[in-house]
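Undergrad: Encoded as structure tokens, here's the structure I'll be asking about.
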Amino acid sequence: MQYDSSFMTTLHQAPPMRRLALLLLLPVSLSAQSADLVLRHATIYTVNAKAPNAQAVAVKDGKIVYVGSDAGVAKFVGPSTRSFDLTGRFVYPGFVDSHAHFTGIGQREMTLNLEGTRTKEAFLARVDSAVKKARPGAWVAGRGWIETFWSPPLFPTRQDLDRIAPNNPVVLTRADGHASVANSMALRLAKVTKTTAVPSGGAINMDRDGEPTGMLIDHAQGLVLGIVPVATEADLERALQLASERELSLGWTQVQDAHGSWREVERMRKLYRDGRLKIRIYKTITGPGAEADRLIAQGPGESEFNDRFEVRAIKLVMDGALGSRGAALLAPYSDDVTNVGLITMDTVAAKDMMRRALKAGLQVWTHAIGDRGNRLTLNLYEGAFKAVPVAQRKVADPRWRDEHSQIVSPPDLVRFKQLGIIPSMQPSHAIGDLFFVPSRLGLERTKGAYAWQTFFSMGLPVAGGTDAPVERGEPMIEFYAAVARKSLDGKSGPGWHPEEKVTRAQALKMFTWNGAFAAFEERRHGSIEVGKAADFTVLDQDIMKVPEAQILKTKNVMTVVGGEIVYGGK
Ligand SMILES: [Zn+2]
């Protein structure tokens with residue numbers, strides 16, 4: 001057994017009576033000293049500026065009790081300690097996804113996945129087997145087909161699906177999410193006929209006889225997708241558990257869930273009680289409306305299940321997205337000169353709700369993509385801060401957040417700093433969008449777009465997220481996008497503004513400490529320090545040093561949440 005030399009020094013310096021007492025306590029003290037978990041022989045990036053690197057950590061009762069050298073950690077190893085020699089692997093504070101849609105991640109795992117079907121026959125065979133497993137009348141929904149590989153490369157039709165699914169409504173979304181094919185039963189249930197009014201921003205494809213082919217483009221998809229029934233409680237539980245397992249396997253230790261209902265909250269609480277949810281979730285409730293009012297009435301609660309779950313934020317949506325030209329702009333789209341996008345928020349209700357939320361001590365998140373969407377969000381936040389002075393607030397520094405902060409008019413950038421707004425940003429959005437943003441908005445408006453480094457240089461804690469399942473939701477894709485600001489195959493072009501990329505240290509902070517800060521939890525996790533929760537992500541490569549392209553090939557090998565090994569470690 002190893003002795004702590006500092007403890008022995010204390011023993012020798014103690015007066016005789018104290019010495020006796022200390023001797024009696026000796027076995028107890030030593031067992032208290034031995035850790036539950038030790039990780040050693042590692043390269044540890046702590047995200048603690050005072051001691052940025054270490055070789056070993058020790059964990060007791062879910063908290064970090066030691067950060068330092070392999071020699072120093074030895075005294076924490078007792079008979080019941082699980083001690084891992086990480087053989088030089090790389091340990092980071094547990095990764096935080098500051099913006100994702102948790103239930104949606106699980107649902108994506110559950111729905112019929114049509115990715116990789118290279119022929120129409122393979123596509124139909126996969127649908128056929130899903131239909132055979134479904135009860136008659138039950139919906140079959142799926143996603144991921146793409147006809148460009150088929151010969152001939154033509155869209156599927158309702159008749160193709162009717163042959164294999166006469167008694168089940170079927171709707172299958174193309175890989176890009178911009179089109180879906182429905183069978184006749186689904187069209188009938190959705191009341192889609194040749195005379196249906198076509199929603200703006202959409203199309204209902206017709207055949208030579210003027211009847212719907214089954215193909216619904218963009219906004220017309222909602223006619224059918226909107227009536228697919230909400231999942232049963234059992235489906236919801238399964239989605240939540242699948243989401244948790246997937247996220248932990250990728251190295252995420254917390255997801256900040258970017259919308260939600262009390263139904264979901266109750267379901268999550270049940271799964272935490274049953275030990276089926278291991279990941280941390282910081283949950284928002286969608287507003288404005290009755291659900292958000294309920295949260296305002298109760299105020300921010302205590303964190304639950306050993307700090308794994310907390311409900312203290314309201315999520316609002318200001319505008320649409322760039323892909324469908326719904327993002328609200330100050331001037332028209334360059335490629336659609338009559339269109340300035342959409343404000344989707346009830347701003348009157350939101351204005352009132354924000355003031356009540358501020359008084360109650362709740363955090364507000366607002367989705368804002370276009371420069372007008374962002375300006376209106378800042379205006380509303382500013383109005384609330386003026387109307388409710390600090391003395392009337394339950395929480396003085398509200399840490400309100402702007403979700404996406406994508407296209408910001410340059411004069412508005414500094415207002416984030418002035419108002420203390422957290423830019424919550426998803427690097428993968430930039431490397432997907434920047435291919436079409438220069439033509440859609442013009443090069444001038446790419447200044448102030450995805451302005452990660454500008455926000456960092458103001459001292460703002462940019463919080464990093466994925467927006468999964470809109471994006472794939474993988475930490476290595478986000479880390480790479482943040483530091484490379486290039487597509488996954490290394491491409492970029494005019495308007496990509498490489499000066500807005502971030503350093504690796506900044507990227508690591510986006511997905512650790514800054515995420516924790518954006519949830520008021522930086523004292524609990526977000527860095528590897530004594531006293532904080534033992535949340536670790538262990539990778540097989542050094543993402544702080546490997547060549548850029550290697551980041552994408554890096555794998556998570558172990559995830560630890562609150563001292564519990566929840567993935568890997570075998
Ligand atoms: Zn989102």
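Numbering starts fresh at 1 for the residues of each chain in the structure tokens, the chains themselves are lettered A, B, ... in the order given, and ligands are numbered from 1 as they appear.
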For region 276-286 of chain A, find every residue with an atom within 6 Å (counting only C-alpha atoms), except residues of its own chain fewer than 6 positions away, and show them as a ChimeraX atom specification.
TA: /A:244,253-261,292,308-311,313-315
Undergrad: Write out as a ChimeraX atom specification which residues come within 10 Å of region 509-514 of chain A when counting only C-alpha atoms, dropping same-chain ones fewer than 2 positions away.
TA: /A:46-48,92-98,252-254,422,424-426,452,456,460-466,475,478-479,482,502-507,516-528
Undergrad: So which bits of region 84-306 of chain A end up helix (DSSP H, G or I) when you DSSP the backbone, as number ranges by chain?
TA: A: 102-110, 120-133, 147-149, 158-164, 184-189, 221-225, 233-250, 262-273, 290-298
Undergrad: How many Å separate CA of Ala350 (chain A) from CA of Ala391 (chain A)?
TA: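 Straight-line distance from CA of Ala350 (chain A) to CA of Ala391 (chain A) works out to 21.9 Å.
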Undergrad: Would you mind listing, for every residue of chain A within 8 Å of ligand 1, the two atoms forming the shortest contact and the distance between them in Å to one decimal, using only C-alpha atoms and all ligand atoms, sorted by chain and ascending residue number, as a Markdown table?
TA:
| residue | atom | partner | partner_atom_place_in_ligand_line | distance |
| --- | --- | --- | --- | --- |
| A:His99 | CA | ligand 1 | 1 (Zn) | 6.3 |
| A:Ala100 | CA | ligand 1 | 1 (Zn) | 5.9 |
| A:His101 | CA | ligand 1 | 1 (Zn) | 6.3 |
| A:Ala258 | CA | ligand 1 | 1 (Zn) | 5.8 |
| A:His259 | CA | ligand 1 | 1 (Zn) | 7.8 |
| A:His367 | CA | ligand 1 | 1 (Zn) | 7.3 |
| A:Glu403 | CA | ligand 1 | 1 (Zn) | 7.7 |
| A:Asp467 | CA | ligand 1 | 1 (Zn) | 4.7 |
| A:Ala468 | CA | ligand 1 | 1 (Zn) | 7.3 |
| A:Val470 | CA | ligand 1 | 1 (Zn) | 7.3 |
Undergrad: If we count only C-alpha atoms, what is near region 224-240 of chain A at a cut-off of 9 Å, once residues fewer than 2 positions away on the same chain are taken out, given as JSON, numbers by chain?
TA: {"A": [102, 103, 104, 105, 106, 107, 108, 109, 110, 139, 140, 141, 169, 171, 180, 182, 186, 187, 189, 190, 191, 192, 216, 220, 221, 222, 242, 243, 244, 245, 264, 267, 268, 271, 277]}
Undergrad: Any chance you could export the current selection's N, CA, C and O atoms as a short mmCIF file (atom, residue, chain, number, x, y, z; two decimals), in the first residue's frame?
TA:
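What follows is the written file part07.cif:
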data_model
loop_
_atom_site.label_atom_id
_atom_site.label_comp_id
_atom_site.auth_asym_id
_atom_site.auth_seq_id
_atom_site.Cartn_x
_atom_site.Cartn_y
_atom_site.Cartn_z
N PHE A 102 -33.01 16.14 -28.68
CA PHE A 102 -32.67 14.83 -28.14
C PHE A 102 -33.63 13.73 -28.60
O PHE A 102 -33.20 12.67 -29.05
N THR A 103 -34.92 13.98 -28.51
CA THR A 103 -35.89 12.96 -28.93
C THR A 103 -35.72 12.66 -30.42
O THR A 103 -35.80 11.50 -30.84
N GLY A 104 -35.50 13.71 -31.19
CA GLY A 104 -35.32 13.54 -32.64
C GLY A 104 -34.13 12.65 -32.98
O GLY A 104 -34.16 11.90 -33.95
N ILE A 105 -33.08 12.75 -32.17
CA ILE A 105 -31.90 11.89 -32.40
C ILE A 105 -32.31 10.43 -32.26
O ILE A 105 -31.96 9.58 -33.07
N GLY A 106 -33.11 10.14 -31.23
CA GLY A 106 -33.56 8.76 -31.02
C GLY A 106 -34.53 8.32 -32.10
O GLY A 106 -34.47 7.18 -32.57
N GLN A 107 -35.41 9.24 -32.50
CA GLN A 107 -36.38 8.88 -33.55
C GLN A 107 -35.68 8.56 -34.86
O GLN A 107 -36.09 7.66 -35.59
N ARG A 108 -34.62 9.30 -35.13
CA ARG A 108 -33.85 9.01 -36.35
C ARG A 108 -33.30 7.58 -36.31
O ARG A 108 -33.24 6.89 -37.33
N GLU A 109 -32.91 7.14 -35.12
CA GLU A 109 -32.40 5.77 -34.99
C GLU A 109 -33.51 4.74 -35.22
O GLU A 109 -33.24 3.60 -35.57
N MET A 110 -34.76 5.16 -34.90
CA MET A 110 -35.87 4.20 -34.94
C MET A 110 -36.57 4.10 -36.28
O MET A 110 -37.13 3.06 -36.61
N TRP A 139 -48.71 3.50 -39.45
CA TRP A 139 -47.86 4.29 -40.33
C TRP A 139 -46.48 3.67 -40.46
O TRP A 139 -45.93 3.17 -39.48
N VAL A 140 -45.93 3.75 -41.66
CA VAL A 140 -44.53 3.39 -41.90
C VAL A 140 -43.85 4.63 -42.45
O VAL A 140 -44.21 5.13 -43.51
N ALA A 141 -42.91 5.16 -41.68
CA ALA A 141 -42.19 6.37 -42.10
C ALA A 141 -40.71 6.02 -42.19
O ALA A 141 -40.22 5.18 -41.45
N PRO A 169 -50.43 3.34 -44.37
CA PRO A 169 -49.94 4.62 -44.90
C PRO A 169 -48.41 4.66 -44.81
O PRO A 169 -47.85 4.28 -43.78
N VAL A 171 -44.84 7.03 -45.78
CA VAL A 171 -44.21 8.25 -46.27
C VAL A 171 -42.71 8.14 -46.04
O VAL A 171 -42.24 7.78 -44.96
N SER A 180 -40.52 14.08 -50.25
CA SER A 180 -40.99 12.81 -49.69
C SER A 180 -41.91 12.15 -50.69
O SER A 180 -42.59 12.84 -51.45
N ALA A 182 -45.23 9.57 -50.82
CA ALA A 182 -46.28 8.98 -50.00
C ALA A 182 -47.08 8.01 -50.85
O ALA A 182 -47.21 8.20 -52.06
N ALA A 186 -51.67 7.11 -47.54
CA ALA A 186 -51.18 8.29 -46.82
C ALA A 186 -51.76 9.57 -47.43
O ALA A 186 -52.18 10.48 -46.71
N LEU A 187 -51.83 9.62 -48.76
CA LEU A 187 -52.38 10.81 -49.43
C LEU A 187 -53.86 10.96 -49.08
O LEU A 187 -54.34 12.08 -48.85
N LEU A 189 -55.43 9.87 -46.35
CA LEU A 189 -55.56 10.32 -44.96
C LEU A 189 -55.22 11.81 -44.82
O LEU A 189 -55.78 12.51 -44.00
N ALA A 190 -54.28 12.27 -45.65
CA ALA A 190 -53.87 13.68 -45.60
C ALA A 190 -54.76 14.57 -46.46
O ALA A 190 -54.56 15.78 -46.52
N LYS A 191 -55.74 13.94 -47.15
CA LYS A 191 -56.66 14.67 -48.05
C LYS A 191 -55.90 15.42 -49.15
O LYS A 191 -56.23 16.54 -49.51
N VAL A 192 -54.85 14.77 -49.68
CA VAL A 192 -54.13 15.35 -50.81
C VAL A 192 -54.72 14.78 -52.09
O VAL A 192 -54.67 13.57 -52.32
N LEU A 216 -43.99 14.80 -52.92
CA LEU A 216 -44.28 16.09 -52.30
C LEU A 216 -42.96 16.81 -52.10
O LEU A 216 -42.03 16.24 -51.52
N ALA A 220 -44.69 21.19 -49.22
CA ALA A 220 -45.85 20.32 -49.42
C ALA A 220 -45.70 19.01 -48.64
O ALA A 220 -46.69 18.31 -48.40
N GLN A 221 -44.47 18.68 -48.24
CA GLN A 221 -44.27 17.45 -47.44
C GLN A 221 -45.07 17.49 -46.14
O GLN A 221 -45.52 16.47 -45.64
N GLY A 222 -45.24 18.71 -45.62
CA GLY A 222 -45.94 18.87 -44.35
C GLY A 222 -47.37 18.36 -44.39
O GLY A 222 -47.93 17.97 -43.36
N LEU A 242 -32.45 5.27 -26.96
CA LEU A 242 -31.56 5.13 -28.12
C LEU A 242 -30.70 6.38 -28.29
O LEU A 242 -29.52 6.29 -28.61
N ALA A 243 -31.32 7.54 -28.07
CA ALA A 243 -30.57 8.80 -28.19
C ALA A 243 -29.44 8.83 -27.16
O ALA A 243 -28.30 9.18 -27.48
N SER A 244 -29.76 8.46 -25.93
CA SER A 244 -28.75 8.48 -24.87
C SER A 244 -27.59 7.55 -25.24
O SER A 244 -26.42 7.93 -25.16
N GLU A 245 -27.91 6.35 -25.68
CA GLU A 245 -26.85 5.39 -26.01
C GLU A 245 -25.98 5.88 -27.16
O GLU A 245 -24.76 5.79 -27.12
N GLU A 264 -42.38 15.25 -22.38
CA GLU A 264 -41.02 14.73 -22.52
C GLU A 264 -40.26 14.77 -21.20
O GLU A 264 -39.53 13.84 -20.86
N ARG A 267 -41.28 11.92 -19.04
CA ARG A 267 -40.76 10.67 -19.58
C ARG A 267 -39.26 10.56 -19.26
O ARG A 267 -38.77 9.50 -18.90
N MET A 268 -38.54 11.67 -19.39
CA MET A 268 -37.11 11.65 -19.07
C MET A 268 -36.90 11.35 -17.58
O MET A 268 -36.04 10.55 -17.22
N LEU A 271 -37.22 7.72 -16.95
CA LEU A 271 -36.06 6.93 -17.40
C LEU A 271 -34.84 7.15 -16.50
O LEU A 271 -34.06 6.22 -16.28
N LEU A 277 -31.45 6.38 -18.45
CA LEU A 277 -30.81 7.55 -19.05
C LEU A 277 -29.56 7.84 -18.24
O LEU A 277 -29.65 8.06 -17.03
#
Undergrad: Determine, counting only C-alpha atoms, which protein, DNA and RNA residues have an atom within 12 Å of an atom of Ala56 (chain A); residues of the same chain fewer than 5 positions away are not included. Present the result as number ranges by chain.
TA: A: 37-46, 64-77, 83-92, 528-529, 536
Undergrad: With N, CA and C atoms retained, write the just-selected residues as a short mmCIF file (atom, residue, chain, number, x, y, z; two decimals), in the first residue's frame.
TA:
data_model
loop_
_atom_site.label_atom_id
_atom_site.label_comp_id
_atom_site.auth_asym_id
_atom_site.auth_seq_id
_atom_site.Cartn_x
_atom_site.Cartn_y
_atom_site.Cartn_z
N LEU A 37 -12.28 5.30 -9.17
CA LEU A 37 -11.82 5.17 -10.56
C LEU A 37 -10.54 5.99 -10.73
N VAL A 38 -9.57 5.38 -11.38
CA VAL A 38 -8.33 6.10 -11.73
C VAL A 38 -8.06 5.89 -13.22
N LEU A 39 -7.77 6.98 -13.90
CA LEU A 39 -7.31 6.92 -15.29
C LEU A 39 -5.88 7.42 -15.29
N ARG A 40 -4.95 6.61 -15.80
CA ARG A 40 -3.55 7.03 -15.77
C ARG A 40 -2.88 6.70 -17.10
N HIS A 41 -1.63 7.17 -17.20
CA HIS A 41 -0.86 6.99 -18.43
C HIS A 41 -1.63 7.55 -19.63
N ALA A 42 -2.13 8.77 -19.46
CA ALA A 42 -2.93 9.43 -20.50
C ALA A 42 -2.34 10.81 -20.79
N THR A 43 -2.76 11.36 -21.91
CA THR A 43 -2.50 12.78 -22.18
C THR A 43 -3.81 13.49 -21.91
N ILE A 44 -3.85 14.31 -20.88
CA ILE A 44 -5.10 14.92 -20.44
C ILE A 44 -5.08 16.42 -20.74
N TYR A 45 -6.09 16.86 -21.45
CA TYR A 45 -6.30 18.30 -21.66
C TYR A 45 -7.41 18.73 -20.71
N THR A 46 -7.09 19.57 -19.75
CA THR A 46 -8.03 19.84 -18.66
C THR A 46 -8.99 20.98 -18.94
N ILE A 64 -14.08 14.53 -9.19
CA ILE A 64 -12.63 14.44 -9.39
C ILE A 64 -11.94 14.79 -8.07
N VAL A 65 -11.05 13.91 -7.59
CA VAL A 65 -10.33 14.19 -6.34
C VAL A 65 -8.84 14.43 -6.58
N TYR A 66 -8.38 14.14 -7.77
CA TYR A 66 -6.96 14.36 -8.07
C TYR A 66 -6.79 14.55 -9.56
N VAL A 67 -5.96 15.53 -9.93
CA VAL A 67 -5.54 15.72 -11.32
C VAL A 67 -4.04 15.95 -11.28
N GLY A 68 -3.25 15.13 -11.95
CA GLY A 68 -1.80 15.34 -11.89
C GLY A 68 -1.02 14.27 -12.61
N SER A 69 0.01 13.77 -11.94
CA SER A 69 0.96 12.87 -12.60
C SER A 69 0.63 11.41 -12.30
N ASP A 70 1.23 10.52 -13.09
CA ASP A 70 1.09 9.08 -12.84
C ASP A 70 1.64 8.73 -11.46
N ALA A 71 2.76 9.36 -11.09
CA ALA A 71 3.34 9.07 -9.77
C ALA A 71 2.38 9.54 -8.67
N GLY A 72 1.82 10.72 -8.87
CA GLY A 72 0.96 11.30 -7.83
C GLY A 72 -0.37 10.57 -7.64
N VAL A 73 -0.84 9.91 -8.69
CA VAL A 73 -2.16 9.27 -8.59
C VAL A 73 -2.06 7.92 -7.88
N ALA A 74 -0.85 7.39 -7.76
CA ALA A 74 -0.69 6.02 -7.23
C ALA A 74 -1.30 5.88 -5.86
N LYS A 75 -1.20 6.91 -5.03
CA LYS A 75 -1.71 6.80 -3.66
C LYS A 75 -3.23 6.70 -3.61
N PHE A 76 -3.90 6.96 -4.71
CA PHE A 76 -5.37 6.85 -4.73
C PHE A 76 -5.86 5.46 -5.12
N VAL A 77 -4.92 4.61 -5.50
CA VAL A 77 -5.32 3.27 -5.94
C VAL A 77 -5.40 2.34 -4.74
N SER A 83 -8.81 0.83 -11.97
CA SER A 83 -7.70 1.63 -12.48
C SER A 83 -7.43 1.28 -13.93
N PHE A 84 -7.43 2.29 -14.79
CA PHE A 84 -7.23 2.07 -16.22
C PHE A 84 -5.90 2.65 -16.66
N ASP A 85 -5.09 1.82 -17.25
CA ASP A 85 -3.90 2.31 -17.95
C ASP A 85 -4.35 2.67 -19.37
N LEU A 86 -4.40 3.95 -19.67
CA LEU A 86 -4.94 4.37 -20.97
C LEU A 86 -3.90 4.31 -22.09
N THR A 87 -2.74 3.79 -21.80
CA THR A 87 -1.68 3.58 -22.79
C THR A 87 -1.52 4.78 -23.73
N GLY A 88 -1.48 5.94 -23.12
CA GLY A 88 -1.20 7.16 -23.89
C GLY A 88 -2.37 7.76 -24.62
N ARG A 89 -3.57 7.27 -24.39
CA ARG A 89 -4.72 7.88 -25.06
C ARG A 89 -5.04 9.25 -24.48
N PHE A 90 -6.06 9.90 -25.04
CA PHE A 90 -6.25 11.33 -24.83
C PHE A 90 -7.58 11.61 -24.13
N VAL A 91 -7.48 12.32 -23.02
CA VAL A 91 -8.65 12.56 -22.19
C VAL A 91 -9.00 14.06 -22.22
N TYR A 92 -10.28 14.32 -22.44
CA TYR A 92 -10.79 15.69 -22.49
C TYR A 92 -11.95 15.80 -21.50
N ILE A 528 -11.50 19.71 -16.25
CA ILE A 528 -11.03 18.63 -15.37
C ILE A 528 -10.29 19.27 -14.20
N GLU A 529 -11.00 19.40 -13.09
CA GLU A 529 -10.46 20.07 -11.91
C GLU A 529 -10.98 19.35 -10.67
N PHE A 536 -15.65 12.62 -18.53
CA PHE A 536 -14.49 12.56 -19.43
C PHE A 536 -14.88 11.96 -20.77
#
Undergrad: When you look at Lys394 (chain A) with a cut-off of 8 Å (counting only C-alpha atoms), what residues show up, excluding the ones that are within fewer than 4 positions of it in the same chain? I need them as a PyMOL selection string.
TA: chain A and resi 358-361
Undergrad: Write out as a list in words the set of residues from region 501-544 of chain A that DSSP, computed on the backbone, places in strand (DSSP E or B).
TA: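 Here is the list: Ala533, Phe536, Thr537, Val538 and Leu539 of chain A.
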Undergrad: At a cut-off of 12 Å, using only C-alpha atoms, what residues contact Asp293 (chain A)? Leave out same-chain residues fewer than 3 positions from it and give the result as a PyMOL selection string.
TA: chain A and resi 261-262+285-290+296-299+313-314+349-350+352-357+360+362
Undergrad: So that I can see what lies close to Asp319 (chain A), please list as a ChimeraX atom specification the residues with an atom at most 6 Å from it, counting only C-alpha atoms and leaving out residues fewer than 3 positions away in the same chain.
TA: /A:327-328,342-344,368,373
Undergrad: Measuring between only C-alpha atoms, which one of A:Thr117, A:Asn167, A:Thr157, A:Pro199 shows the shortest distance to Glu211 (chain A)?
TA: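 Once distances to Glu211 (chain A) are computed over only C-alpha atoms, the minimum belongs to A:Thr157.
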